[in-house]
file model_12.txt (compact mmCIF, C-alpha atoms)
# COMPACT_ATOMS: atom_id res chain seq x y z
CA MET N 1 -20.78 -34.74 21.55
CA ALA N 2 -18.01 -36.43 19.65
CA ARG N 3 -15.93 -33.37 19.41
CA ASP N 4 -15.78 -33.15 23.14
CA GLY N 5 -14.85 -36.78 23.52
CA VAL N 6 -11.51 -37.40 25.05
CA PHE N 7 -9.92 -39.13 22.12
CA SER N 8 -10.51 -36.42 19.56
CA ARG N 9 -9.16 -33.94 22.08
CA TRP N 10 -6.12 -36.07 22.79
CA ARG N 11 -5.29 -36.39 19.16
CA ARG N 12 -5.59 -32.68 18.69
CA THR N 13 -3.30 -31.95 21.59
CA ASP N 14 -0.85 -34.52 20.35
CA LYS N 15 -0.75 -33.51 16.74
CA PHE N 16 -1.17 -29.80 16.91
CA GLU N 17 1.35 -29.00 19.54
CA GLY N 18 1.20 -25.29 19.05
CA MET N 19 -2.55 -24.81 19.27
CA SER N 20 -3.80 -21.64 17.71
CA GLY N 21 -3.54 -18.69 20.00
CA LEU N 22 -0.68 -19.89 22.19
CA SER N 23 2.25 -17.56 22.26
CA PRO N 24 5.49 -19.43 21.73
CA SER N 25 7.31 -17.28 24.24
CA ASP N 26 5.28 -18.74 27.06
CA CYS N 27 5.80 -22.35 26.14
CA HIS N 28 6.45 -24.09 29.39
CA ASP N 29 4.54 -27.07 28.08
CA VAL N 30 2.24 -26.85 31.04
CA HIS N 31 -0.56 -29.23 30.38
CA VAL N 32 -3.84 -28.91 32.21
CA LEU N 33 -6.63 -31.44 32.22
CA ALA N 34 -9.96 -29.67 32.70
CA VAL N 35 -13.05 -31.63 33.66
CA ASP N 36 -16.55 -30.15 33.50
CA ASP N 37 -19.86 -31.50 32.29
CA SER N 38 -21.07 -28.05 31.25
CA LEU N 39 -20.25 -27.12 27.69
CA VAL N 40 -20.34 -23.41 28.47
CA ASP N 41 -17.99 -23.81 31.43
CA ARG N 42 -15.63 -26.00 29.44
CA LYS N 43 -15.31 -23.36 26.80
CA VAL N 44 -14.64 -20.69 29.38
CA ILE N 45 -12.11 -22.65 31.42
CA GLU N 46 -10.33 -23.73 28.27
CA ARG N 47 -9.95 -20.14 27.16
CA LEU N 48 -8.89 -19.01 30.62
CA LEU N 49 -6.18 -21.64 30.67
CA LYS N 50 -4.98 -20.98 27.14
CA ILE N 51 -4.74 -17.28 27.83
CA THR N 52 -2.45 -18.12 30.75
CA SER N 53 -0.28 -20.09 28.37
CA CYS N 54 -1.33 -23.60 29.19
CA LYS N 55 -2.06 -26.48 26.93
CA VAL N 56 -5.51 -27.73 27.70
CA THR N 57 -7.33 -30.99 27.39
CA ALA N 58 -10.97 -30.54 28.28
CA VAL N 59 -13.21 -33.50 28.98
CA ASP N 60 -16.82 -33.72 30.02
CA SER N 61 -16.76 -36.28 32.80
CA GLY N 62 -14.69 -37.86 35.54
CA ARG N 63 -14.81 -41.12 33.67
CA ARG N 64 -13.34 -39.52 30.56
CA ALA N 65 -10.69 -37.88 32.70
CA LEU N 66 -9.66 -41.24 34.12
CA GLN N 67 -9.61 -42.73 30.65
CA PHE N 68 -7.37 -39.94 29.50
CA LEU N 69 -5.02 -40.55 32.38
CA GLY N 70 -5.09 -44.25 31.75
CA LEU N 71 -6.65 -44.90 35.15
CA ASP N 72 -9.94 -46.32 33.95
CA GLU N 73 -10.05 -49.92 35.11
CA GLU N 74 -12.16 -51.01 32.22
CA LYS N 75 -9.86 -49.70 29.56
CA SER N 76 -6.22 -50.62 29.48
CA SER N 77 -3.74 -47.81 29.69
CA VAL N 78 -2.93 -47.37 26.02
CA GLY N 79 0.64 -46.30 26.46
CA PHE N 80 -0.22 -43.23 28.47
CA ASP N 81 2.80 -43.63 30.72
CA GLY N 82 4.61 -40.70 29.21
CA LEU N 83 1.61 -38.46 29.52
CA LYS N 84 2.44 -35.32 31.35
CA VAL N 85 -0.32 -33.58 33.19
CA ASP N 86 0.72 -30.66 35.37
CA LEU N 87 -2.63 -29.76 36.83
CA ILE N 88 -6.11 -31.17 36.93
CA ILE N 89 -8.98 -28.77 37.38
CA THR N 90 -12.40 -30.28 37.86
CA ASP N 91 -15.95 -29.28 38.54
CA TYR N 92 -17.41 -30.73 41.72
CA CYS N 93 -21.02 -31.39 40.70
CA MET N 94 -21.05 -33.72 37.77
CA PRO N 95 -23.41 -36.56 36.91
CA GLY N 96 -21.87 -39.98 37.33
CA MET N 97 -18.59 -39.33 39.04
CA THR N 98 -18.31 -36.17 41.09
CA GLY N 99 -15.17 -34.07 41.18
CA TYR N 100 -14.61 -35.30 44.71
CA GLU N 101 -14.68 -38.92 43.59
CA LEU N 102 -12.34 -38.08 40.76
CA LEU N 103 -10.01 -36.38 43.21
CA LYS N 104 -9.88 -39.49 45.36
CA LYS N 105 -9.12 -41.68 42.38
CA ILE N 106 -6.30 -39.41 41.31
CA LYS N 107 -4.82 -39.20 44.79
CA GLY N 108 -5.06 -42.96 44.99
CA SER N 109 -2.95 -43.40 41.90
CA ILE N 110 0.80 -43.71 42.19
CA THR N 111 1.35 -42.13 38.81
CA PHE N 112 -0.80 -39.10 39.31
CA ARG N 113 -1.16 -38.43 43.01
CA GLU N 114 1.47 -35.73 42.94
CA VAL N 115 -0.44 -33.84 40.27
CA PRO N 116 -2.19 -30.87 41.87
CA VAL N 117 -5.95 -31.06 41.66
CA VAL N 118 -8.14 -28.00 41.89
CA ILE N 119 -11.88 -28.22 42.46
CA MET N 120 -14.41 -25.76 41.07
CA SER N 121 -17.92 -25.39 42.40
CA SER N 122 -20.77 -22.96 42.22
CA GLU N 123 -21.67 -23.73 45.81
CA ASN N 124 -19.43 -22.48 48.55
CA VAL N 125 -20.32 -25.06 51.12
CA LEU N 126 -17.66 -25.10 53.79
CA ALA N 127 -17.99 -28.81 54.48
CA ARG N 128 -17.49 -29.50 50.81
CA ILE N 129 -14.42 -27.31 50.61
CA ASP N 130 -13.05 -28.92 53.75
CA SER N 131 -13.49 -32.44 52.51
CA CYS N 132 -11.86 -31.64 49.19
CA LEU N 133 -8.87 -30.03 50.80
CA GLU N 134 -8.58 -32.90 53.27
CA GLU N 135 -8.60 -35.32 50.39
CA GLY N 136 -5.61 -33.49 48.95
CA ALA N 137 -7.07 -30.89 46.63
CA GLU N 138 -4.71 -28.03 46.09
CA ASP N 139 -7.35 -25.37 45.98
CA PHE N 140 -11.04 -24.75 45.65
CA ILE N 141 -12.41 -22.16 43.27
CA VAL N 142 -15.94 -20.85 43.58
CA LYS N 143 -17.58 -20.42 40.21
CA PRO N 144 -17.92 -18.44 38.05
CA VAL N 145 -14.22 -18.74 37.31
CA LYS N 146 -12.31 -15.60 36.48
CA LEU N 147 -8.94 -14.84 35.00
CA SER N 148 -7.52 -13.96 38.42
CA ASP N 149 -8.50 -17.41 39.72
CA VAL N 150 -6.64 -19.14 36.94
CA GLU N 151 -3.61 -16.90 37.21
CA ARG N 152 -3.36 -17.87 40.84
CA LEU N 153 -3.12 -21.49 39.76
CA LYS N 154 0.15 -20.80 38.02
CA ASP N 155 1.79 -21.23 41.42
CA TYR N 156 0.95 -24.90 41.42
CA MET N 157 2.14 -25.44 37.92
CA PHE N 158 5.30 -23.40 37.82
CA GLY N 159 6.42 -22.90 41.35
CA GLU N 160 6.45 -26.43 42.68
CA ASP N 161 9.46 -28.69 42.61
CA PRO N 162 8.04 -32.02 41.52
CA ILE N 163 10.45 -33.92 43.73
CA GLN N 164 9.45 -32.29 46.97
CA GLY N 165 5.93 -31.68 48.10
CA GLU N 166 4.35 -34.04 50.53
CA GLY N 167 1.10 -32.93 52.00
CA LYS N 168 1.19 -29.85 49.86
CA GLY N 169 -2.55 -29.43 49.97
CA VAL N 170 -2.87 -29.41 53.71
CA ASN N 171 0.14 -27.21 54.26
CA LYS N 172 -1.00 -24.68 51.73
CA ARG N 173 -4.40 -24.51 53.25
CA LYS N 174 -3.01 -24.03 56.74
CA LEU N 175 -0.73 -21.32 55.44
CA ARG N 176 -3.63 -19.55 53.87
CA GLU N 177 -5.88 -19.83 56.85
CA ALA N 178 -3.24 -18.73 59.28
CA CYS N 179 -2.11 -15.48 57.90
CA GLU N 180 -2.61 -15.24 54.15
CA ILE N 181 1.01 -14.32 53.88
CA SER N 182 2.84 -15.73 50.94
CA SER N 183 5.69 -17.90 52.02
CA SER N 184 6.00 -20.20 49.08
CA PRO N 185 9.00 -22.41 49.70
CA SER N 186 10.05 -22.73 46.09
CA SER N 187 11.81 -20.16 44.02
CA SER N 188 9.72 -17.84 42.00
CA PRO N 189 9.28 -18.90 38.40
CA PRO N 190 11.54 -16.93 36.11
CA SER N 191 9.07 -16.55 33.30
CA ILE N 192 6.27 -14.75 35.03
CA SER N 193 6.93 -11.07 34.79
CA SER N 194 5.06 -9.88 37.83
CA SER N 195 6.39 -12.46 40.24
CA SER N 196 8.62 -11.91 43.17
CA PRO N 197 9.14 -14.12 46.22
CA LEU N 198 6.47 -12.22 48.10
CA SER N 199 3.93 -12.15 45.36
CA SER N 200 4.21 -15.64 44.00
CA GLN N 201 1.31 -16.66 46.18
CA SER N 202 -1.22 -14.75 44.19
CA LEU N 203 -0.47 -13.64 40.70
CA SER N 204 -3.02 -11.37 39.22
CA SER N 205 -2.98 -9.11 36.25
CA THR N 206 -2.18 -6.01 38.29
CA PRO N 207 1.48 -5.17 38.04
CA SER N 208 1.82 -3.54 41.42
CA PRO N 209 3.70 -5.56 44.00
CA ARG N 210 1.54 -7.18 46.61
CA SER N 211 1.85 -6.53 50.27
CA SER N 212 2.05 -9.47 52.59
CA SER N 213 -1.49 -9.12 53.80
CA PRO N 214 -3.70 -8.72 50.77
CA SER N 215 -6.93 -7.36 51.97
CA SER N 216 -8.06 -5.45 48.95
CA PRO N 217 -11.26 -6.70 47.38
CA SER N 218 -9.47 -7.74 44.25
CA SER N 219 -7.10 -10.17 45.95
CA LEU N 220 -9.24 -13.24 46.14
CA ASP N 221 -6.37 -15.53 46.78
CA SER N 222 -7.60 -18.04 49.27
CA PRO N 223 -10.58 -20.33 49.44
CA THR N 224 -11.70 -18.78 52.69
CA ARG N 225 -11.44 -15.31 51.28
CA ARG N 226 -13.40 -16.42 48.28
CA LEU N 227 -16.08 -17.60 50.67
CA LYS N 228 -16.52 -14.18 52.18
CA MET N 229 -16.70 -12.47 48.85
CA THR N 230 -19.32 -14.64 47.23
CA ASN N 231 -22.94 -14.81 48.11
CA CYS N 232 -24.15 -17.82 46.17
CA GLY N 233 -27.49 -19.24 47.09
CA THR N 234 -27.46 -22.13 49.53
CA TYR U 1 -7.00 16.50 -6.59
CA SER U 2 -9.15 19.50 -7.04
CA LEU U 3 -10.38 21.47 -4.10
CA PRO U 4 -13.97 20.20 -4.48
CA ASP U 5 -12.57 16.62 -4.49
CA LEU U 6 -10.76 17.24 -1.24
CA GLN U 7 -13.73 18.92 0.31
CA GLU U 8 -15.91 15.98 -0.66
CA PHE U 9 -13.37 13.61 0.83
CA VAL U 10 -13.33 15.48 4.12
CA ARG U 11 -17.12 15.61 4.19
CA ALA U 12 -17.44 11.90 3.52
CA SER U 13 -14.82 11.03 6.12
CA LYS U 14 -16.52 13.17 8.70
CA ALA U 15 -19.83 11.58 7.89
CA ALA U 16 -18.34 8.12 8.29
CA MET U 17 -16.75 9.04 11.59
CA ASP U 18 -20.01 10.53 12.76
CA VAL U 19 -21.76 7.28 11.99
CA VAL U 20 -19.14 5.33 13.91
CA SER U 21 -19.19 7.59 16.93
CA GLN U 22 -22.96 7.61 16.96
CA LEU U 23 -23.01 3.83 16.94
CA GLN U 24 -20.33 3.71 19.59
CA GLY U 25 -22.39 6.05 21.73
CA GLN U 26 -25.44 3.84 21.27
CA PHE U 27 -23.37 0.82 22.15
CA LEU U 28 -22.04 2.39 25.34
CA ASP U 29 -25.46 3.57 26.44
CA PHE U 30 -26.97 0.19 25.76
CA THR U 31 -24.20 -1.69 27.52
CA THR U 32 -24.48 0.56 30.55
CA SER U 33 -28.19 -0.07 30.73
CA LEU U 34 -27.64 -3.83 30.65
CA TYR U 35 -25.48 -3.61 33.73
CA ASN U 36 -27.66 -1.06 35.47
CA GLU U 37 -30.78 -3.13 34.92
CA GLY U 38 -29.07 -6.20 36.24
CA PHE U 39 -29.21 -8.22 33.05
CA LEU U 40 -25.47 -8.64 33.11
CA ASP U 41 -22.98 -8.72 35.94
CA ASP U 42 -19.23 -8.60 36.30
CA GLN U 43 -18.75 -12.06 34.86
CA PHE U 44 -19.70 -10.71 31.43
CA VAL U 45 -16.88 -8.18 31.78
CA GLN U 46 -14.59 -11.07 32.69
CA LEU U 47 -15.54 -12.88 29.50
CA GLN U 48 -14.71 -9.85 27.41
CA LYS U 49 -11.23 -9.84 28.91
CA LEU U 50 -10.73 -13.20 27.26
CA GLN U 51 -11.43 -11.86 23.80
CA ASP U 52 -8.62 -10.54 21.65
CA GLU U 53 -7.35 -10.47 18.07
CA SER U 54 -6.56 -14.16 18.20
CA ASN U 55 -10.04 -14.93 19.53
CA PRO U 56 -12.21 -12.07 18.27
CA ASP U 57 -15.49 -13.99 18.56
CA PHE U 58 -15.00 -15.59 21.92
CA VAL U 59 -17.87 -13.86 23.69
CA ILE U 60 -20.34 -14.51 20.90
CA GLU U 61 -19.25 -18.13 20.78
CA VAL U 62 -19.73 -18.68 24.49
CA VAL U 63 -23.04 -16.87 24.51
CA SER U 64 -24.22 -18.92 21.52
CA LEU U 65 -23.36 -22.09 23.40
CA PHE U 66 -25.31 -20.71 26.34
CA PHE U 67 -28.35 -20.07 24.14
CA GLU U 68 -28.25 -23.59 22.69
CA ASP U 69 -27.79 -25.12 26.11
CA SER U 70 -30.58 -23.01 27.59
CA GLU U 71 -33.16 -23.96 24.96
CA LYS U 72 -32.54 -27.62 25.76
CA LEU U 73 -32.72 -27.03 29.50
CA LEU U 74 -35.97 -25.08 29.21
CA ASN U 75 -37.54 -27.83 27.12
CA ASN U 76 -36.38 -30.53 29.51
CA LEU U 77 -37.68 -28.56 32.47
CA ALA U 78 -41.09 -28.13 30.86
CA THR U 79 -41.25 -31.85 30.18
CA ALA U 80 -40.12 -32.76 33.67
CA LEU U 81 -42.77 -30.56 35.28
CA GLN U 82 -45.51 -32.01 33.08
CA GLN U 83 -44.93 -35.50 34.42
CA HIS U 84 -47.68 -37.06 36.44
CA ILE U 85 -45.23 -37.61 39.25
CA VAL U 86 -42.63 -34.91 39.18
CA ASP U 87 -39.06 -35.99 39.77
CA TYR U 88 -37.84 -33.01 41.78
CA LYS U 89 -34.30 -34.29 41.89
CA GLN U 90 -34.18 -34.18 38.14
CA VAL U 91 -35.81 -30.76 38.01
CA ASP U 92 -33.34 -29.47 40.56
CA ALA U 93 -30.42 -30.89 38.61
CA LEU U 94 -31.60 -29.12 35.47
CA VAL U 95 -32.09 -25.82 37.29
CA HIS U 96 -28.67 -26.22 38.87
CA GLN U 97 -27.18 -26.58 35.40
CA PHE U 98 -29.03 -23.54 34.18
CA LYS U 99 -27.92 -21.56 37.20
CA GLY U 100 -24.34 -22.57 36.50
CA SER U 101 -24.27 -21.66 32.86
CA SER U 102 -26.08 -18.37 33.32
CA SER U 103 -23.68 -17.50 36.10
CA SER U 104 -20.72 -18.35 33.91
CA ILE U 105 -21.72 -15.85 31.26
CA GLY U 106 -22.90 -13.19 33.68
CA ALA U 107 -26.64 -13.46 32.99
CA GLN U 108 -27.49 -12.27 36.48
CA ARG U 109 -31.26 -12.11 36.34
CA VAL U 110 -31.51 -15.57 34.87
CA LYS U 111 -29.21 -16.88 37.56
CA ASN U 112 -31.27 -15.25 40.31
CA ALA U 113 -34.46 -16.71 38.88
CA CYS U 114 -32.82 -20.12 39.02
CA VAL U 115 -31.94 -19.64 42.67
CA ALA U 116 -35.58 -18.97 43.48
CA PHE U 117 -36.59 -21.95 41.38
CA ARG U 118 -34.39 -24.28 43.41
CA ASN U 119 -36.14 -23.24 46.59
CA TYR U 120 -39.47 -24.38 45.18
CA CYS U 121 -37.87 -27.64 44.08
CA GLU U 122 -36.76 -28.19 47.61
CA GLU U 123 -40.29 -27.64 48.84
CA LYS U 124 -41.59 -29.95 46.12
CA ASN U 125 -44.06 -27.25 45.23
CA VAL U 126 -45.18 -27.95 41.68
CA GLU U 127 -47.15 -24.73 41.16
CA GLY U 128 -44.24 -22.73 42.49
CA CYS U 129 -41.94 -24.58 40.14
CA VAL U 130 -44.15 -23.99 37.14
CA ARG U 131 -44.31 -20.29 37.95
CA CYS U 132 -40.55 -20.21 38.37
CA LEU U 133 -40.05 -21.88 35.05
CA GLN U 134 -42.15 -19.15 33.44
CA LEU U 135 -40.04 -16.54 35.17
CA VAL U 136 -36.76 -18.15 34.19
CA LYS U 137 -37.94 -18.46 30.61
CA HIS U 138 -39.02 -14.83 30.63
CA GLU U 139 -35.70 -13.62 31.99
CA TYR U 140 -33.84 -15.80 29.54
CA ASN U 141 -35.77 -14.37 26.60
CA LEU U 142 -35.14 -10.85 27.82
CA VAL U 143 -31.40 -11.30 28.13
CA LYS U 144 -31.22 -13.18 24.85
CA SER U 145 -32.89 -10.36 23.02
CA ARG U 146 -30.67 -7.80 24.75
CA LEU U 147 -27.53 -9.71 23.87
CA ASP U 148 -28.67 -10.15 20.27
CA THR U 149 -29.07 -6.37 20.08
CA LEU U 150 -25.66 -5.86 21.66
CA PHE U 151 -23.95 -8.13 19.17
CA LYS U 152 -25.79 -6.47 16.31
CA LEU U 153 -24.55 -3.07 17.45
CA GLU U 154 -21.02 -4.45 17.58
CA GLN U 155 -21.32 -5.72 14.03
CA GLN U 156 -22.63 -2.38 12.87
CA ILE U 157 -19.71 -0.54 14.43
CA LEU U 158 -17.21 -2.90 12.87
CA ALA U 159 -18.97 -2.71 9.49
CA ALA U 160 -18.77 1.09 9.63
CA GLY U 161 -15.03 0.80 10.14
CA GLY U 162 -14.95 1.59 13.83
CA SER U 163 -13.80 -0.34 16.86
CA VAL U 164 -15.98 -1.60 19.66
CA PRO U 165 -15.41 0.34 22.88
CA MET U 166 -14.42 -1.84 25.84
CA ILE U 167 -15.92 -1.44 29.24
CA ALA U 168 -13.07 -1.73 31.74

call {"tool": "encode", "arguments": {"input": "model_12.txt", "output": "structure tokens"}}
result
Amino acid sequence: MARDGVFSRWRRTDKFEGMSGLSPSDCHDVHVLAVDDSLVDRKVIERLLKITSCKVTAVDSGRRALQFLGLDEEKSSVGFDGLKVDLIITDYCMPGMTGYELLKKIKGSITFREVPVVIMSSENVLARIDSCLEEGAEDFIVKPVKLSDVERLKDYMFGEDPIQGEGKGVNKRKLREACEISSSPSSSPPSISSSSPLSSQSLSSTPSPRSSSPSSPSSLDSPTRRLKMTNCGT
Amino acid sequence: YSLPDLQEFVRASKAAMDVVSQLQGQFLDFTTSLYNEGFLDDQFVQLQKLQDESNPDFVIEVVSLFFEDSEKLLNNLATALQQHIVDYKQVDALVHQFKGSSSSIGAQRVKNACVAFRNYCEEKNVEGCVRCLQLVKHEYNLVKSRLDTLFKLEQQILAAGGSVPMIA
């Protein structure tokens, strides 16, 4: 699967800045690293991210992800210091290194521990979700991933001040569990048309302003809510 | 243009539009049946949202990847279950993959068959697993044939100069 190897992807991202299909008006240069061993899922997540105006690098394993970030012990960091990654989204169940193990490695790295990490999984096991959030994951998405899931991620990429933000993961989770009321501390991103201070918590494609207690079936904006709505086996 | 020319033009245009609307009607009926019969679920609708003028073949591309992936998985599963000593961990991993990819494209019946399959893996029940593999394969073939028909209808509509109706 050479074409999915990290280096061909990296070169493509580097050389072809624009990437076909990206609208120049939305160029915030948000770069997402997507990690999933499934070819089908990689294609879907890549498209989901591109449609929300992100640059995407998609790799097929945790190991490749670490190589891309220059964190692989066995390979020297080939001048990746200037590499900007704004979000890492990874599958949980992968052969070799799981998404959880990848998360720990990222959070253990000085260079990348502030980068928000989102975990995806087809299994909504509470213990799994808990341990990921405890380890510093920003969010946990139950597969299959939809456009509304990815649009919600824009918060982490646009709305966060990179200087602040200690314990973001835990705080966000507590916020969500407590009252599911958006109280995002940072200013709303200017470029997202449907955003307002109240609604920056959960951006979806519906233009109507969100109330502070989203209880409609379409507002799947918290991991716990996602849990209730899905009925995956096991 | 003479009057007969114009009349012929109108007749031909009407005929063309009739063909398109007939095909569109077929397409809508067929699509509806796919959802009603549980072959496809909401995730397929989600995939279609990701298709546009800049990516007009997205759904077909993803589904093609799914077909390729599935053939490999089915072969590997058959091999794994033929082993003298079955490695249920490996079988389960393969079924898990299949469950994931079918879920990602909205192939609901395939996904559900995979869920049942995993239960038999857990019980280390080889006959149950073999039966489940047959069922998964059957469901896969059904949805593959349905999707092939769906894509063919789309092509026919486009070839006749019409546009493919979107299901909201």

call {"tool": "closest_residue", "arguments": {"input": "model_12.txt", "among": "N:Ala34, N:Cys93, N:Leu71, N:Leu39", "to": "Val59 (chain N)", "atoms": "only C-alpha atoms"}}
result
N:Ala34

call {"tool": "closest_atom_pairs", "arguments": {"input": "model_12.txt", "of": "chain U", "to": "chain N", "cutoff": "10 Å", "atoms": "all atoms listed in the file", "output": "tab-separated table"}}
result
residue	atom	partner	partner_atom	distance
U:Asp42	CA	N:Lys146	CA	9.8
U:Gln43	CA	N:Pro144	CA	7.2
U:Val45	CA	N:Lys146	CA	9.9
U:Gln46	CA	N:Lys146	CA	6.3
U:Leu47	CA	N:Val44	CA	7.9
U:Lys49	CA	N:Leu147	CA	8.2
U:Leu50	CA	N:Leu48	CA	7.0
U:Gln51	CA	N:Arg47	CA	9.1
U:Asp52	CA	N:Gly21	CA	9.7
U:Glu53	CA	N:Gly21	CA	9.3
U:Ser54	CA	N:Gly21	CA	5.7
U:Asn55	CA	N:Gly21	CA	7.5
U:Phe58	CA	N:Arg47	CA	8.6
U:Val59	CA	N:Val44	CA	9.5
U:Glu61	CA	N:Lys43	CA	8.9
U:Val62	CA	N:Val40	CA	6.2
U:Val63	CA	N:Val40	CA	8.1
U:Ser64	CA	N:Val40	CA	9.1
U:Leu65	CA	N:Val40	CA	6.0
U:Phe66	CA	N:Val40	CA	6.0
U:Phe67	CA	N:Val40	CA	9.7
U:Glu68	CA	N:Val40	CA	9.8
U:Asp69	CA	N:Leu39	CA	8.0
U:Ala93	CA	N:Pro95	CA	9.2
U:His96	CA	N:Ser122	CA	9.2
U:Gln97	CA	N:Ser38	CA	7.5
U:Phe98	CA	N:Ser38	CA	9.6
U:Lys99	CA	N:Ser122	CA	8.8
U:Gly100	CA	N:Ser122	CA	6.8
U:Ser101	CA	N:Val40	CA	6.1
U:Ser102	CA	N:Val40	CA	9.0
U:Ser103	CA	N:Pro144	CA	6.2
U:Ser104	CA	N:Pro144	CA	5.0
U:Ile105	CA	N:Val40	CA	8.2
U:Gly106	CA	N:Pro144	CA	8.5
U:Lys111	CA	N:Gly233	CA	10.0
U:Asn112	CA	N:Gly233	CA	8.7
U:Cys114	CA	N:Gly233	CA	9.7
U:Val115	CA	N:Gly233	CA	6.3
U:Ala116	CA	N:Gly233	CA	8.9
U:Arg118	CA	N:Gly233	CA	9.3
U:Asn119	CA	N:Thr234	CA	9.2

call {"tool": "residues_around", "arguments": {"input": "model_12.txt", "residues": "region 128-133 of chain U", "least_positions_apart": "5", "cutoff": "10 Å", "atoms": "only C-alpha atoms", "output": "PyMOL selection string"}}
result
chain U and resi 74+77-78+81-82+88+91-92+95+113-123+138-139

call {"tool": "atom_distance", "arguments": {"input": "model_12.txt", "atom1": "CA of His31 (chain N)", "atom2": "CA of Lys84 (chain N)"}}
result
6.9 Å

call {"tool": "residues_around", "arguments": {"input": "model_12.txt", "residues": "Thr52 (chain N)", "least_positions_apart": "3", "cutoff": "8 Å", "atoms": "only C-alpha atoms", "output": "PyMOL selection string"}}
result
chain N and resi 48-49+150-151

call {"tool": "axis_aligned_box", "arguments": {"input": "model_12.txt", "around": "region 123-142 of chain U", "padding_each_side": "5 Å", "output": "AutoDock Vina command-line options"}}
result
--center_x -40.5 --center_y -20.4 --center_z 37.7 --size_x 23.3 --size_y 29.1 --size_z 32.2

call {"tool": "atom_distance", "arguments": {"input": "model_12.txt", "atom1": "CA of Leu87 (chain N)", "atom2": "CA of Asn124 (chain N)"}}
result
21.7 Å

call {"tool": "closest_residue", "arguments": {"input": "model_12.txt", "among": "U:Gln156, U:Ser163, U:Gln108, U:Gln83", "to": "Gly38 (chain U)", "atoms": "all atoms listed in the file"}}
result
U:Gln108

call {"tool": "atom_distance", "arguments": {"input": "model_12.txt", "atom1": "CA of Ser70 (chain U)", "atom2": "CA of Ile85 (chain U)"}}
result
23.7 Å

call {"tool": "decode", "arguments": {"input": "model_12.txt", "residues": "region 35-45 of chain N", "atoms": "N, CA, C and O atoms", "output": "compact mmCIF listing (two decimals), in the first residue's frame"}}
result
# COMPACT_ATOMS: atom_id res chain seq x y z
N VAL N 35 -5.48 8.85 11.51
CA VAL N 35 -4.84 7.55 11.64
C VAL N 35 -5.91 6.47 11.69
O VAL N 35 -6.76 6.46 12.59
N ASP N 36 -5.89 5.55 10.71
CA ASP N 36 -6.87 4.47 10.71
C ASP N 36 -6.35 3.35 9.82
O ASP N 36 -5.89 3.60 8.71
N ASP N 37 -6.43 2.12 10.32
CA ASP N 37 -5.91 1.02 9.53
C ASP N 37 -6.87 0.60 8.41
O ASP N 37 -6.49 -0.14 7.52
N SER N 38 -8.10 1.04 8.50
CA SER N 38 -9.08 0.66 7.48
C SER N 38 -9.05 1.62 6.30
O SER N 38 -9.20 2.83 6.46
N LEU N 39 -8.87 1.04 5.13
CA LEU N 39 -8.80 1.85 3.92
C LEU N 39 -10.09 2.61 3.66
O LEU N 39 -10.10 3.79 3.30
N VAL N 40 -11.19 1.91 3.87
CA VAL N 40 -12.51 2.53 3.67
C VAL N 40 -12.67 3.72 4.62
O VAL N 40 -13.06 4.82 4.21
N ASP N 41 -12.35 3.50 5.89
CA ASP N 41 -12.52 4.57 6.88
C ASP N 41 -11.58 5.74 6.61
O ASP N 41 -11.93 6.89 6.85
N ARG N 42 -10.38 5.43 6.13
CA ARG N 42 -9.43 6.50 5.82
C ARG N 42 -9.98 7.39 4.72
O ARG N 42 -9.88 8.61 4.79
N LYS N 43 -10.56 6.76 3.73
CA LYS N 43 -11.11 7.54 2.63
C LYS N 43 -12.25 8.43 3.11
O LYS N 43 -12.37 9.59 2.73
N VAL N 44 -13.07 7.87 3.98
CA VAL N 44 -14.22 8.63 4.47
C VAL N 44 -13.76 9.79 5.36
O VAL N 44 -14.19 10.93 5.18
N ILE N 45 -12.86 9.50 6.29
CA ILE N 45 -12.45 10.56 7.22
C ILE N 45 -11.69 11.66 6.48
O ILE N 45 -11.83 12.86 6.79
